[in-house]
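Trainee: The file below is structure.csv, CSV, N, CA and C atoms:
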```
chain,number,residue,atom,x,y,z
A,21,MET,N,-16.1,-3.3,-27.7
A,21,MET,CA,-15.2,-4.3,-27.8
A,21,MET,C,-14.3,-4.0,-29.0
A,22,TYR,N,-13.0,-4.3,-28.9
A,22,TYR,CA,-12.1,-4.1,-30.0
A,22,TYR,C,-11.7,-5.4,-30.7
A,23,LYS,N,-11.5,-5.3,-32.0
A,23,LYS,CA,-11.1,-6.5,-32.7
A,23,LYS,C,-9.6,-6.4,-33.1
A,24,LEU,N,-8.9,-7.4,-32.9
A,24,LEU,CA,-7.5,-7.5,-33.2
A,24,LEU,C,-7.2,-8.7,-34.0
A,25,VAL,N,-7.0,-8.6,-35.3
A,25,VAL,CA,-6.8,-9.7,-36.2
A,25,VAL,C,-7.8,-10.8,-36.0
A,26,GLY,N,-9.0,-10.5,-36.1
A,26,GLY,CA,-10.1,-11.5,-36.0
A,26,GLY,C,-10.4,-11.9,-34.6
A,27,GLU,N,-9.8,-11.3,-33.6
A,27,GLU,CA,-10.0,-11.8,-32.3
A,27,GLU,C,-10.7,-10.6,-31.5
A,28,THR,N,-11.7,-10.9,-30.7
A,28,THR,CA,-12.4,-9.9,-29.9
A,28,THR,C,-11.8,-9.9,-28.5
A,29,ILE,N,-11.5,-8.7,-28.1
A,29,ILE,CA,-10.9,-8.5,-26.7
A,29,ILE,C,-12.0,-7.8,-25.9
A,30,ASP,N,-12.3,-8.4,-24.7
A,30,ASP,CA,-13.2,-7.9,-23.8
A,30,ASP,C,-12.5,-7.1,-22.7
A,31,LEU,N,-12.4,-5.8,-22.8
A,31,LEU,CA,-11.6,-5.0,-21.9
A,31,LEU,C,-12.2,-5.0,-20.5
A,32,GLY,N,-13.5,-5.1,-20.4
A,32,GLY,CA,-14.2,-5.1,-19.1
A,32,GLY,C,-13.8,-6.3,-18.3
A,33,ALA,N,-13.8,-7.5,-18.9
A,33,ALA,CA,-13.4,-8.7,-18.2
A,33,ALA,C,-11.9,-8.7,-17.9
A,34,ALA,N,-11.1,-8.2,-18.8
A,34,ALA,CA,-9.6,-8.1,-18.5
A,34,ALA,C,-9.4,-7.2,-17.3
A,35,LEU,N,-10.0,-6.0,-17.3
A,35,LEU,CA,-9.8,-5.1,-16.2
A,35,LEU,C,-10.4,-5.7,-14.8
A,36,GLY,N,-11.5,-6.4,-14.9
A,36,GLY,CA,-12.1,-7.0,-13.7
A,36,GLY,C,-11.1,-8.0,-13.2
A,37,THR,N,-10.5,-8.8,-14.0
A,37,THR,CA,-9.5,-9.8,-13.6
A,37,THR,C,-8.3,-9.1,-13.0
A,38,ALA,N,-7.8,-8.1,-13.6
A,38,ALA,CA,-6.7,-7.4,-13.0
A,38,ALA,C,-7.0,-6.8,-11.7
A,39,ALA,N,-8.2,-6.2,-11.5
A,39,ALA,CA,-8.6,-5.6,-10.3
A,39,ALA,C,-8.7,-6.6,-9.2
A,40,THR,N,-9.2,-7.8,-9.5
A,40,THR,CA,-9.3,-8.9,-8.5
A,40,THR,C,-7.9,-9.3,-8.1
A,41,SER,N,-7.0,-9.4,-9.0
A,41,SER,CA,-5.6,-9.9,-8.7
A,41,SER,C,-4.9,-8.8,-7.8
A,42,ILE,N,-5.1,-7.6,-8.2
A,42,ILE,CA,-4.5,-6.5,-7.4
A,42,ILE,C,-5.0,-6.5,-6.0
A,43,THR,N,-6.4,-6.6,-5.8
A,43,THR,CA,-7.0,-6.6,-4.5
A,43,THR,C,-6.5,-7.8,-3.7
A,44,THR,N,-6.4,-8.9,-4.3
A,44,THR,CA,-5.9,-10.1,-3.6
A,44,THR,C,-4.5,-9.9,-3.0
A,45,GLN,N,-3.6,-9.3,-3.9
A,45,GLN,CA,-2.2,-9.1,-3.5
A,45,GLN,C,-2.1,-8.0,-2.4
A,46,VAL,N,-2.9,-7.0,-2.6
A,46,VAL,CA,-2.8,-5.9,-1.6
A,46,VAL,C,-3.3,-6.4,-0.2
A,47,SER,N,-4.4,-7.2,-0.2
A,47,SER,CA,-5.0,-7.7,1.0
A,47,SER,C,-3.9,-8.6,1.7
A,48,ALA,N,-3.1,-9.3,0.9
A,48,ALA,CA,-2.1,-10.2,1.5
A,48,ALA,C,-1.0,-9.4,2.1
A,49,ALA,N,-0.6,-8.3,1.5
A,49,ALA,CA,0.5,-7.5,2.0
A,49,ALA,C,0.2,-6.4,3.0
A,50,LEU,N,-1.1,-6.1,3.2
A,50,LEU,CA,-1.6,-5.0,4.0
A,50,LEU,C,-1.2,-5.3,5.5
A,51,PRO,N,-1.4,-6.4,6.1
A,51,PRO,CA,-1.1,-6.6,7.5
A,51,PRO,C,0.4,-6.3,7.8
A,52,ALA,N,1.3,-6.8,7.0
A,52,ALA,CA,2.7,-6.5,7.2
A,52,ALA,C,3.0,-5.1,7.1
A,53,ALA,N,2.4,-4.4,6.1
A,53,ALA,CA,2.7,-3.0,5.8
A,53,ALA,C,2.2,-2.1,7.0
A,54,LEU,N,1.0,-2.5,7.5
A,54,LEU,CA,0.5,-1.7,8.6
A,54,LEU,C,1.3,-1.9,9.9
A,55,GLY,N,1.8,-3.1,10.1
A,55,GLY,CA,2.7,-3.4,11.2
A,55,GLY,C,4.0,-2.6,11.2
A,56,VAL,N,4.6,-2.6,10.0
A,56,VAL,CA,5.9,-1.8,9.8
A,56,VAL,C,5.6,-0.3,10.0
A,57,GLY,N,4.5,0.2,9.4
A,57,GLY,CA,4.1,1.6,9.5
A,57,GLY,C,3.9,2.0,10.9
A,58,ALA,N,3.2,1.2,11.7
A,58,ALA,CA,2.9,1.5,13.1
A,58,ALA,C,4.2,1.5,13.9
A,59,ALA,N,5.1,0.6,13.6
A,59,ALA,CA,6.3,0.5,14.3
A,59,ALA,C,7.2,1.8,14.1
A,60,ILE,N,7.2,2.2,12.8
A,60,ILE,CA,7.9,3.4,12.5
A,60,ILE,C,7.3,4.7,13.2
A,61,ILE,N,6.0,4.8,13.2
A,61,ILE,CA,5.4,5.9,13.8
A,61,ILE,C,5.6,5.8,15.3
A,62,ALA,N,5.6,4.7,16.0
A,62,ALA,CA,5.8,4.5,17.4
A,62,ALA,C,7.2,4.9,17.7
A,63,VAL,N,8.2,4.5,17.0
A,63,VAL,CA,9.6,4.9,17.2
A,63,VAL,C,9.8,6.4,17.0
A,64,THR,N,9.2,6.9,16.0
A,64,THR,CA,9.4,8.4,15.8
A,64,THR,C,8.8,9.2,16.9
A,65,VAL,N,7.6,8.9,17.3
A,65,VAL,CA,6.9,9.6,18.4
A,65,VAL,C,7.7,9.4,19.7
A,66,GLY,N,8.1,8.2,20.0
A,66,GLY,CA,8.8,7.9,21.2
A,66,GLY,C,10.1,8.7,21.2
A,67,TRP,N,10.8,8.7,20.1
A,67,TRP,CA,12.1,9.5,20.0
A,67,TRP,C,11.9,11.0,20.3
A,68,LYS,N,10.8,11.5,19.7
A,68,LYS,CA,10.5,13.0,19.9
A,68,LYS,C,10.2,13.2,21.4
A,69,ILE,N,9.4,12.4,22.0
A,69,ILE,CA,9.1,12.5,23.4
A,69,ILE,C,10.4,12.4,24.3
A,70,PHE,N,11.2,11.4,24.0
A,70,PHE,CA,12.5,11.2,24.7
A,70,PHE,C,13.4,12.5,24.6
A,71,LYS,N,13.5,13.0,23.4
A,71,LYS,CA,14.3,14.2,23.2
A,71,LYS,C,13.8,15.4,24.0
A,72,ARG,N,12.5,15.5,24.1
A,72,ARG,CA,11.9,16.6,24.9
A,72,ARG,C,12.2,16.5,26.4
A,73,PHE,N,12.1,15.3,26.9
A,73,PHE,CA,12.4,15.0,28.3
A,73,PHE,C,13.9,15.2,28.6
A,74,VAL,N,14.8,14.8,27.7
A,74,VAL,CA,16.2,14.9,28.0
A,74,VAL,C,16.6,16.4,27.9
A,75,ARG,N,16.1,17.2,27.0
A,75,ARG,CA,16.4,18.6,27.0
A,75,ARG,C,15.9,19.4,28.2
A,76,GLY,N,14.8,19.0,28.7
A,76,GLY,CA,14.3,19.7,29.9
A,76,GLY,C,13.4,20.7,29.6
```
Produce structure tokens that represent the structure in this file.
Mentor:
Amino acid sequence: MYKLVGETIDLGAALGTAATSITTQVSAALPAALGVGAAIIAVTVGWKIFKRFVRG
């Protein structure tokens, strides 16, 4: 533990709180990000397949 002007800072608790906050926010954003990523991959693969069929 570090002391800062008579105050004790618990880095473990602070990092634990930050990790919990980050995990919560990532969990909330993950479904949307996966949906967008899957759509981009589907369009990319579909476009490449379409180009192959058109060229012959």
Trainee: Write out as an NGL selection string all residues of chain A that DSSP puts in helix (DSSP H, G or I) for this structure's backbone.
Mentor: :A and (31-75)
Trainee: Quick one: write out the picked residues with N, CA and C atoms as a CSV table (one decimal), keeping the file's coordinate frame?
Mentor:
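Output saved as selection24.csv:
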```
chain,number,residue,atom,x,y,z
A,31,LEU,N,-12.4,-5.8,-22.8
A,31,LEU,CA,-11.6,-5.0,-21.9
A,31,LEU,C,-12.2,-5.0,-20.5
A,32,GLY,N,-13.5,-5.1,-20.4
A,32,GLY,CA,-14.2,-5.1,-19.1
A,32,GLY,C,-13.8,-6.3,-18.3
A,33,ALA,N,-13.8,-7.5,-18.9
A,33,ALA,CA,-13.4,-8.7,-18.2
A,33,ALA,C,-11.9,-8.7,-17.9
A,34,ALA,N,-11.1,-8.2,-18.8
A,34,ALA,CA,-9.6,-8.1,-18.5
A,34,ALA,C,-9.4,-7.2,-17.3
A,35,LEU,N,-10.0,-6.0,-17.3
A,35,LEU,CA,-9.8,-5.1,-16.2
A,35,LEU,C,-10.4,-5.7,-14.8
A,36,GLY,N,-11.5,-6.4,-14.9
A,36,GLY,CA,-12.1,-7.0,-13.7
A,36,GLY,C,-11.1,-8.0,-13.2
A,37,THR,N,-10.5,-8.8,-14.0
A,37,THR,CA,-9.5,-9.8,-13.6
A,37,THR,C,-8.3,-9.1,-13.0
A,38,ALA,N,-7.8,-8.1,-13.6
A,38,ALA,CA,-6.7,-7.4,-13.0
A,38,ALA,C,-7.0,-6.8,-11.7
A,39,ALA,N,-8.2,-6.2,-11.5
A,39,ALA,CA,-8.6,-5.6,-10.3
A,39,ALA,C,-8.7,-6.6,-9.2
A,40,THR,N,-9.2,-7.8,-9.5
A,40,THR,CA,-9.3,-8.9,-8.5
A,40,THR,C,-7.9,-9.3,-8.1
A,41,SER,N,-7.0,-9.4,-9.0
A,41,SER,CA,-5.6,-9.9,-8.7
A,41,SER,C,-4.9,-8.8,-7.8
A,42,ILE,N,-5.1,-7.6,-8.2
A,42,ILE,CA,-4.5,-6.5,-7.4
A,42,ILE,C,-5.0,-6.5,-6.0
A,43,THR,N,-6.4,-6.6,-5.8
A,43,THR,CA,-7.0,-6.6,-4.5
A,43,THR,C,-6.5,-7.8,-3.7
A,44,THR,N,-6.4,-8.9,-4.3
A,44,THR,CA,-5.9,-10.1,-3.6
A,44,THR,C,-4.5,-9.9,-3.0
A,45,GLN,N,-3.6,-9.3,-3.9
A,45,GLN,CA,-2.2,-9.1,-3.5
A,45,GLN,C,-2.1,-8.0,-2.4
A,46,VAL,N,-2.9,-7.0,-2.6
A,46,VAL,CA,-2.8,-5.9,-1.6
A,46,VAL,C,-3.3,-6.4,-0.2
A,47,SER,N,-4.4,-7.2,-0.2
A,47,SER,CA,-5.0,-7.7,1.0
A,47,SER,C,-3.9,-8.6,1.7
A,48,ALA,N,-3.1,-9.3,0.9
A,48,ALA,CA,-2.1,-10.2,1.5
A,48,ALA,C,-1.0,-9.4,2.1
A,49,ALA,N,-0.6,-8.3,1.5
A,49,ALA,CA,0.5,-7.5,2.0
A,49,ALA,C,0.2,-6.4,3.0
A,50,LEU,N,-1.1,-6.1,3.2
A,50,LEU,CA,-1.6,-5.0,4.0
A,50,LEU,C,-1.2,-5.3,5.5
A,51,PRO,N,-1.4,-6.4,6.1
A,51,PRO,CA,-1.1,-6.6,7.5
A,51,PRO,C,0.4,-6.3,7.8
A,52,ALA,N,1.3,-6.8,7.0
A,52,ALA,CA,2.7,-6.5,7.2
A,52,ALA,C,3.0,-5.1,7.1
A,53,ALA,N,2.4,-4.4,6.1
A,53,ALA,CA,2.7,-3.0,5.8
A,53,ALA,C,2.2,-2.1,7.0
A,54,LEU,N,1.0,-2.5,7.5
A,54,LEU,CA,0.5,-1.7,8.6
A,54,LEU,C,1.3,-1.9,9.9
A,55,GLY,N,1.8,-3.1,10.1
A,55,GLY,CA,2.7,-3.4,11.2
A,55,GLY,C,4.0,-2.6,11.2
A,56,VAL,N,4.6,-2.6,10.0
A,56,VAL,CA,5.9,-1.8,9.8
A,56,VAL,C,5.6,-0.3,10.0
A,57,GLY,N,4.5,0.2,9.4
A,57,GLY,CA,4.1,1.6,9.5
A,57,GLY,C,3.9,2.0,10.9
A,58,ALA,N,3.2,1.2,11.7
A,58,ALA,CA,2.9,1.5,13.1
A,58,ALA,C,4.2,1.5,13.9
A,59,ALA,N,5.1,0.6,13.6
A,59,ALA,CA,6.3,0.5,14.3
A,59,ALA,C,7.2,1.8,14.1
A,60,ILE,N,7.2,2.2,12.8
A,60,ILE,CA,7.9,3.4,12.5
A,60,ILE,C,7.3,4.7,13.2
A,61,ILE,N,6.0,4.8,13.2
A,61,ILE,CA,5.4,5.9,13.8
A,61,ILE,C,5.6,5.8,15.3
A,62,ALA,N,5.6,4.7,16.0
A,62,ALA,CA,5.8,4.5,17.4
A,62,ALA,C,7.2,4.9,17.7
A,63,VAL,N,8.2,4.5,17.0
A,63,VAL,CA,9.6,4.9,17.2
A,63,VAL,C,9.8,6.4,17.0
A,64,THR,N,9.2,6.9,16.0
A,64,THR,CA,9.4,8.4,15.8
A,64,THR,C,8.8,9.2,16.9
A,65,VAL,N,7.6,8.9,17.3
A,65,VAL,CA,6.9,9.6,18.4
A,65,VAL,C,7.7,9.4,19.7
A,66,GLY,N,8.1,8.2,20.0
A,66,GLY,CA,8.8,7.9,21.2
A,66,GLY,C,10.1,8.7,21.2
A,67,TRP,N,10.8,8.7,20.1
A,67,TRP,CA,12.1,9.5,20.0
A,67,TRP,C,11.9,11.0,20.3
A,68,LYS,N,10.8,11.5,19.7
A,68,LYS,CA,10.5,13.0,19.9
A,68,LYS,C,10.2,13.2,21.4
A,69,ILE,N,9.4,12.4,22.0
A,69,ILE,CA,9.1,12.5,23.4
A,69,ILE,C,10.4,12.4,24.3
A,70,PHE,N,11.2,11.4,24.0
A,70,PHE,CA,12.5,11.2,24.7
A,70,PHE,C,13.4,12.5,24.6
A,71,LYS,N,13.5,13.0,23.4
A,71,LYS,CA,14.3,14.2,23.2
A,71,LYS,C,13.8,15.4,24.0
A,72,ARG,N,12.5,15.5,24.1
A,72,ARG,CA,11.9,16.6,24.9
A,72,ARG,C,12.2,16.5,26.4
A,73,PHE,N,12.1,15.3,26.9
A,73,PHE,CA,12.4,15.0,28.3
A,73,PHE,C,13.9,15.2,28.6
A,74,VAL,N,14.8,14.8,27.7
A,74,VAL,CA,16.2,14.9,28.0
A,74,VAL,C,16.6,16.4,27.9
A,75,ARG,N,16.1,17.2,27.0
A,75,ARG,CA,16.4,18.6,27.0
A,75,ARG,C,15.9,19.4,28.2
```
Trainee: Enumerate the residues of chain A with a DSSP assignment of strand (DSSP E or B), computed from the backbone, and present them as a ChimeraX atom specification.
Mentor: /A:22-24,27-29
Trainee: Suppose you want the space between atom C of Ala38 in chain A and atom N of Ala59 in chain A; what is it in Å?
Mentor: 29.0 Å
